[in-house]
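Student: So that we are looking at the same thing, I have put the structure below in structure tokens.
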Amino acid sequence: MLTSILLLFAASSLAPLAHRALGKRAGVCLAAVPALLFAHFVGQLGSVTAGRASAESWDWVAGLGIRLAFHLDGLSLLFALLVTGIGALVLVYGAGYLEGDPRLPRFSAAMLFFMAAMLGLVLADDAIVLFVFWELTSVSSYLLIGFDHEQEKARKSALQALFVTGAGGLAMLAGLLLLGEAAGTLQLSALGAEAARIQGHALHLPALLLILLGAFTKSAQFPFHFWLPGAMAAPSPVSAYLHSATMVKAGIYLLARLNPALGGTDAWHYLVILAGAATLVTGAVLAYGQTDLKRLLAFTTVSALGTLTLLVGISTEHSARAAMAFLLVHALYKAALFLGVGAIDHEAGTRDVRELGGLARAMPLTAFAVCASALSMAGLPPLFGYVAKEFFHEAKQEVPRAAAWVSTASFLGSALVAAAAGLVAWRPFFGRRRSQLSAHEAPPALWLGPVLLALLGVALGLFPGSLAVPLIQPAASAMRGEPTVVELAPWLGLSPALVQSLLMLAAGAVLYAVHDRALAALAPLRGLARLGPDRGYQALMAGLVALARAQTRALQNGVLGVYLLVTIGSAVALAGYALFSRATLAAPAGGGVRLGEAAVALAMVVGAVAVIRARTTLIGVAALGVVGYGVAVIFLLFGGPDLALTQFAIETLSVLLFVLVLRRLPPLRQLSPRSEHLRDGLVAVSGGLFVTALVLAATATPHATPLRDWFAANSLSAAQGRNVVNVILVDFRAFDTLGEITVLAVAALGVVALLRLRPEDRKESL
Amino acid sequence: MTLDSPILRSATRLLLPLTLMFSVFLLVRGHNEPGGGFVGGLVAAAAFALVLLVQGQGAARDLLRVDPLSLVAAGLFTALCSGLPPLLAGGAFMTGSWLKTPLPVVGKLGTPVLFDVGVFLVVLGITMAILFALAEEER
């Protein structure tokens, strides 16, 4: 399994090369990688259906009990098939959609990168490994939403998606760690067996809340649903793949994966069902109000994610099979719809239902794919969507509390989604042909994917027993943590669920018929939509920026003296507090002060006073040099030749620096009032006193086994060097040094960048 | 801006090779005696800085041959790579490993020496980058 993930990462890094070398065929060649993996996972179906899960693992961070572990059971397999199968189709589609676009290599690379991350997410068997891949999907989603990075809207949407899912991801990490603490293991497949221990643990509720936050943000649950429509700034294949078929289902995956460990409690029921039902209705209502096909599909996706969450929240046998069936069918029809709408946009130049019409004759294949998929979304027989809807109606009877409310909500949502499906299926293709007279059928790359997905939806609907059961049954079993039998027939007979379905379709048809009038009637309410959670997000972000600006203005206002005050003042206050509350001060032991030492100290004091009283910059620099060289001499006197050498070199170079800078500086003038002098003097003196106290405390603290002795004893034998200082720098503590020189390098970049920023350039950049 | 005077000019001609040699000397002997990559890099930078002051920015850049920021990057890369060989032998990142037989003049050779070379290059590059940027401002 690790091999397949690495294969995709390798394909991602080779994608730009492949495009250069293979030209137009690159898209198909790259798609071969996920296609092969798809075949590989299909080959695993037999053993997984038989109940044999395969696993592999390596030590990763042994000290923390983190293993690079992967596990393939029914749930993972269903997702892996969706990720690789739809992934291959989307890559082919993308190559046609962006044909001739110089950004195509970047697109392929990012898509394959996402594919690898998503596959890793669903195969991971360790909570930390899952988190790492989880975040990688957020990062690749950021890159893909911001694909049109020259447009401000795309950049903003990308950042918003990253912030929302990233914040949720961090909460989830904390939640997973708490869960690991409660369960005593980070292995996901072992959590189910610890359910009783976890649910009785004091950390259970905080862990649950944090994990739900992660899952809800990722899967765009109310009130975090707002980032998903924004994510539609991405090209259509990205929306089809990440933002409907795979990535946004990661939250559902996590809930299903953790259902055996966390599911079934009151808190789980209340929170998950409530969020699911609220999202279902919100998404459906907002979808009904759209005229842009892509946004309409985005909101129906929100609604579908709500349905899935609701089903996972019910966590009964019926709801598990309904969830998995709905997951599968939604991935198929929604990917096909997004790809089909992308083809319409590509050929007709618009996605607005009010401007589209009569394209069926010009684009028959796309029309077939979109109509079949939309009917599946509406839940019409004989499509697979119908079977899933039946299951859904059956499962929602088992909602533990407030079943009537949930039932009503989902009825309303389903009817609205059915109406939305009508808009997608009918408006662009039938009726009077509008302005797009030149539109004609999309090239094969653009219709192949949607048509295949639509055919698959039809086939699953016609032969659910032989085609869908092998996928759904192991997945439902894995979600429930116990063997679950799923029986599927295309016709479930006369049942309350059937009656519900028919009523729902009738309501949907009415809603479709009155769509134009409803939109006109509801137009005055559009202002209300702006008060949604998106507004809260904007306010939060604006507040964050304002806070950052305020504290920067207070602490780093561009006046060098203030920077020093803040730095020295906070060091004295914080470290000084710790020092005086813990350490004891004692006069240094040992003999008195030698004459040479006293002379150097006196010279330094005189130098320091001279700096303060200097009338010109040159005198100030020279006096500062006296202090610096004095420090070097003290190093020498106390047996630190290395330090002394470096100090001398630094002092010399400082003089050179001053020579270069000095002529540009204005002459010294007295600008600040006396009170500021006093304040600065106070901080300076307290800084000096603090350092003195620190040295005294350090020398007075007895060490049981001084490091000094260890270094001295091991320097030559272990590190082949007699100069202990250097050996520490380049061997014992080389990793620290590596960090330090990296910081130096970054600082140098900053200095160079600031110096090159001329006043005249600055005006332009503002 | 240059501080052109016959005395400085002649002194530079003599001091430049000596200072540079001294910097390498400091680098090589650093593992056993006072010295090391950091101070070696500073001394080398002082040598180039002298040329910068006396003969101007162009001459100093020609003498350095490469862009100082590339020098920084090369130094960081060298330091990072010096930690890799032990990984191949199954040890931890940055475990010091040494050649069995000492080489003439240089003495014992091992990955920490390579690391010190990286530090040398980073320090030289940073100092020159800042000095050049300041000198640029002068014009």
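Ligands are numbered from 1 in the order shown, residues from 1 within each chain, and chains are lettered A, B, ... in the order they appear in the structure tokens.
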Mind checking which residues fall within 8 Å of region 291-298 of chain A, counting only C-alpha atoms, ignoring those fewer than 4 positions away in the same chain, and posting them as a list of chain:residue names?

Tutor: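 Those residues are A:Leu228, A:Pro229, A:Met232, A:His243, A:Ser244, A:Leu286, A:Ala287, A:Val302, A:Lys334, A:Leu337, A:Phe338, A:Val341, A:Arg351, A:Asp352, A:Val353, A:Arg354, A:Ala420, A:Val424.
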
Student: Which residues are near Leu50 (chain B)? Cut-off 10 Å, only C-alpha atoms, ignore same chain within fewer than 6 positions. Put them as a ChimeraX atom specification.

Tutor: /A:653,656 /B:3,8-9,11-12,15-16,56,60

Student: Please produce a file of the residues just selected, as a CSV table (one decimal), in the first residue's frame, where the atoms kept are N, CA and C atoms.

Tutor:
```
chain,number,residue,atom,x,y,z
A,653,LEU,N,35.1,43.8,11.5
A,653,LEU,CA,34.2,43.9,10.4
A,653,LEU,C,33.1,44.9,10.7
A,656,LEU,N,34.3,48.2,9.5
A,656,LEU,CA,34.1,48.3,8.1
A,656,LEU,C,32.6,48.6,7.7
B,3,LEU,N,38.4,54.2,-1.0
B,3,LEU,CA,39.4,54.9,-0.2
B,3,LEU,C,40.7,54.7,-0.9
B,8,LEU,N,47.3,52.1,0.9
B,8,LEU,CA,46.3,51.1,1.0
B,8,LEU,C,46.4,50.1,-0.1
B,9,ARG,N,46.6,50.6,-1.3
B,9,ARG,CA,46.6,49.8,-2.5
B,9,ARG,C,47.7,48.8,-2.4
B,11,ALA,N,49.2,47.8,0.3
B,11,ALA,CA,49.0,47.0,1.5
B,11,ALA,C,48.0,45.9,1.1
B,12,THR,N,47.0,46.3,0.3
B,12,THR,CA,46.0,45.3,0.0
B,12,THR,C,46.6,44.2,-0.8
B,15,LEU,N,48.2,42.1,1.6
B,15,LEU,CA,47.4,41.5,2.7
B,15,LEU,C,46.4,40.5,2.2
B,16,LEU,N,45.9,40.7,1.0
B,16,LEU,CA,44.8,39.9,0.5
B,16,LEU,C,45.2,38.4,0.5
B,56,GLY,N,36.8,49.2,-4.8
B,56,GLY,CA,35.4,49.4,-5.2
B,56,GLY,C,34.7,48.1,-5.3
B,60,ALA,N,35.8,43.9,-6.1
B,60,ALA,CA,35.5,42.9,-5.1
B,60,ALA,C,34.6,41.8,-5.6
```

Student: If we count only C-alpha atoms, which residues of chain A reach to within 6 Å of chain B? Please list them as a PyMOL selection string.

Tutor: chain A and resi 642+646+721-723+726+730-731+748+752

Student: Grab the residues selected above and save them as a compact mmCIF listing (two decimals), in the first residue's frame with N, CA and C atoms.

Tutor:
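Below you can see result-v5.txt, which holds the result:
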```txt
# COMPACT_ATOMS: atom_id res chain seq x y z
N ASP A 642 38.94 30.94 21.40
CA ASP A 642 38.05 30.86 20.23
C ASP A 642 37.08 32.02 20.20
N THR A 646 36.87 35.21 17.50
CA THR A 646 35.66 35.56 16.77
C THR A 646 35.25 36.99 17.09
N GLY A 721 38.89 15.59 17.91
CA GLY A 721 39.35 16.97 17.91
C GLY A 721 39.79 17.39 19.30
N ARG A 722 40.80 18.26 19.36
CA ARG A 722 41.27 18.73 20.67
C ARG A 722 40.62 20.04 21.05
N ASN A 723 40.10 20.79 20.06
CA ASN A 723 39.47 22.07 20.37
C ASN A 723 38.00 21.81 20.74
N ASN A 726 35.17 24.01 19.23
CA ASN A 726 34.85 23.71 17.83
C ASN A 726 34.16 22.36 17.69
N VAL A 730 30.68 21.77 15.72
CA VAL A 730 30.53 21.06 14.45
C VAL A 730 30.22 19.58 14.63
N ASP A 731 30.24 19.07 15.86
CA ASP A 731 29.98 17.65 16.00
C ASP A 731 28.91 17.37 17.06
N ALA A 748 20.28 37.26 6.56
CA ALA A 748 21.02 37.97 5.52
C ALA A 748 20.11 38.29 4.34
N VAL A 752 19.49 42.05 2.96
CA VAL A 752 19.72 42.43 1.56
C VAL A 752 18.43 42.96 0.95
```

Student: Determine which residues of chain B receive a DSSP assignment of alpha helix (DSSP H), computed from the backbone, and state them as an MDAnalysis selection string.

Tutor: chainID B and resid 6:29 37:55 57:64 68:82 85:88 111:138

Student: Of the candidates B:Leu124, B:Leu27, B:Val117, B:Ala92, which shows the shortest atom-to-atom distance to Ser70 (chain B), using only C-alpha atoms?

Tutor: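 The shortest atom-to-atom distance to Ser70 (chain B) comes from B:Leu124.
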
Student: Could you tell me how far CA of Gly357 (chain A) lies from CA of Arg433 (chain A), in Å and to one decimal?

Tutor: 4.7 Å

Student: Might you pull out every residue within 12 Å of Leu176 (chain A), with only C-alpha atoms counted and same-chain residues fewer than 3 positions away left off, and present them as a VMD selection string?

Tutor: chain A and resid 126 to 131 169 to 173 179 to 188 191 198 203 to 215 254 258 261 to 262

Student: Measure the distance from CA of Phe638 (chain A) to CA of Leu729 (chain A) in Å and round it to one decimal.

Tutor: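 Computing it gives 19.7 Å between the two atoms.
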
Student: Within 9 Å of region 88-103 of chain A, counting only C-alpha atoms, which residues qualify if same-chain residues fewer than 5 places away don't, as an NGL selection string?

Tutor: :A and (24-35 or 38 or 83 or 108 or 111-112 or 147 or 235-238 or 240-241 or 335 or 339 or 342-343 or 346 or 443-450 or 452-453)

Student: Residues at most 7 Å from region 313-321 of chain A, counting only C-alpha atoms, excluding those fewer than 4 positions away in the same chain, as a list in words?

Tutor: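 With the cut-off at 7 Å, the set is Gly263, Gly264, Trp268, His269, Val272, Ile273, Thr309, Ala325, Ala395, Val399, Ile472, Ala476, Met479, Arg480, Thr484 and Val486 of chain A.
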
Student: Go ahead and save the picked residues with C-alpha atoms, as a compact mmCIF listing (two decimals), in the first residue's frame.

Tutor:
```
# COMPACT_ATOMS: atom_id res chain seq x y z
CA GLY A 263 -20.34 5.95 17.78
CA GLY A 264 -23.56 5.07 19.56
CA TRP A 268 -22.40 11.32 19.13
CA HIS A 269 -26.06 11.05 18.16
CA VAL A 272 -23.52 14.32 14.38
CA ILE A 273 -27.18 13.99 13.53
CA THR A 309 -23.06 12.83 8.19
CA ALA A 325 -24.45 3.23 -0.86
CA ALA A 395 -32.48 4.46 7.85
CA VAL A 399 -33.05 8.21 14.33
CA ILE A 472 -20.95 -1.75 0.02
CA ALA A 476 -20.59 -1.11 5.92
CA MET A 479 -17.89 1.12 9.49
CA ARG A 480 -19.87 -0.85 12.03
CA THR A 484 -23.05 -6.58 8.22
CA VAL A 486 -26.34 -6.00 2.73
```

Student: List the spatial neighbours of Leu332 (chain A) as a list in words - criterion: any atom at most 9 Å away, only C-alpha atoms, same-chain residues fewer than 5 positions off excluded.

Tutor: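 Neighbouring residues, sequence-local ones excluded: Leu82, Ile86, Ala245, Leu327, Leu337, Ser373, Pro450, Leu453, Ala454, Leu456 and Gly457 of chain A.
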
Student: Between CA of Gly283 (chain A) and CA of Arg517 (chain A), measure the distance and give it in Å to one decimal.

Tutor: 20.1 Å
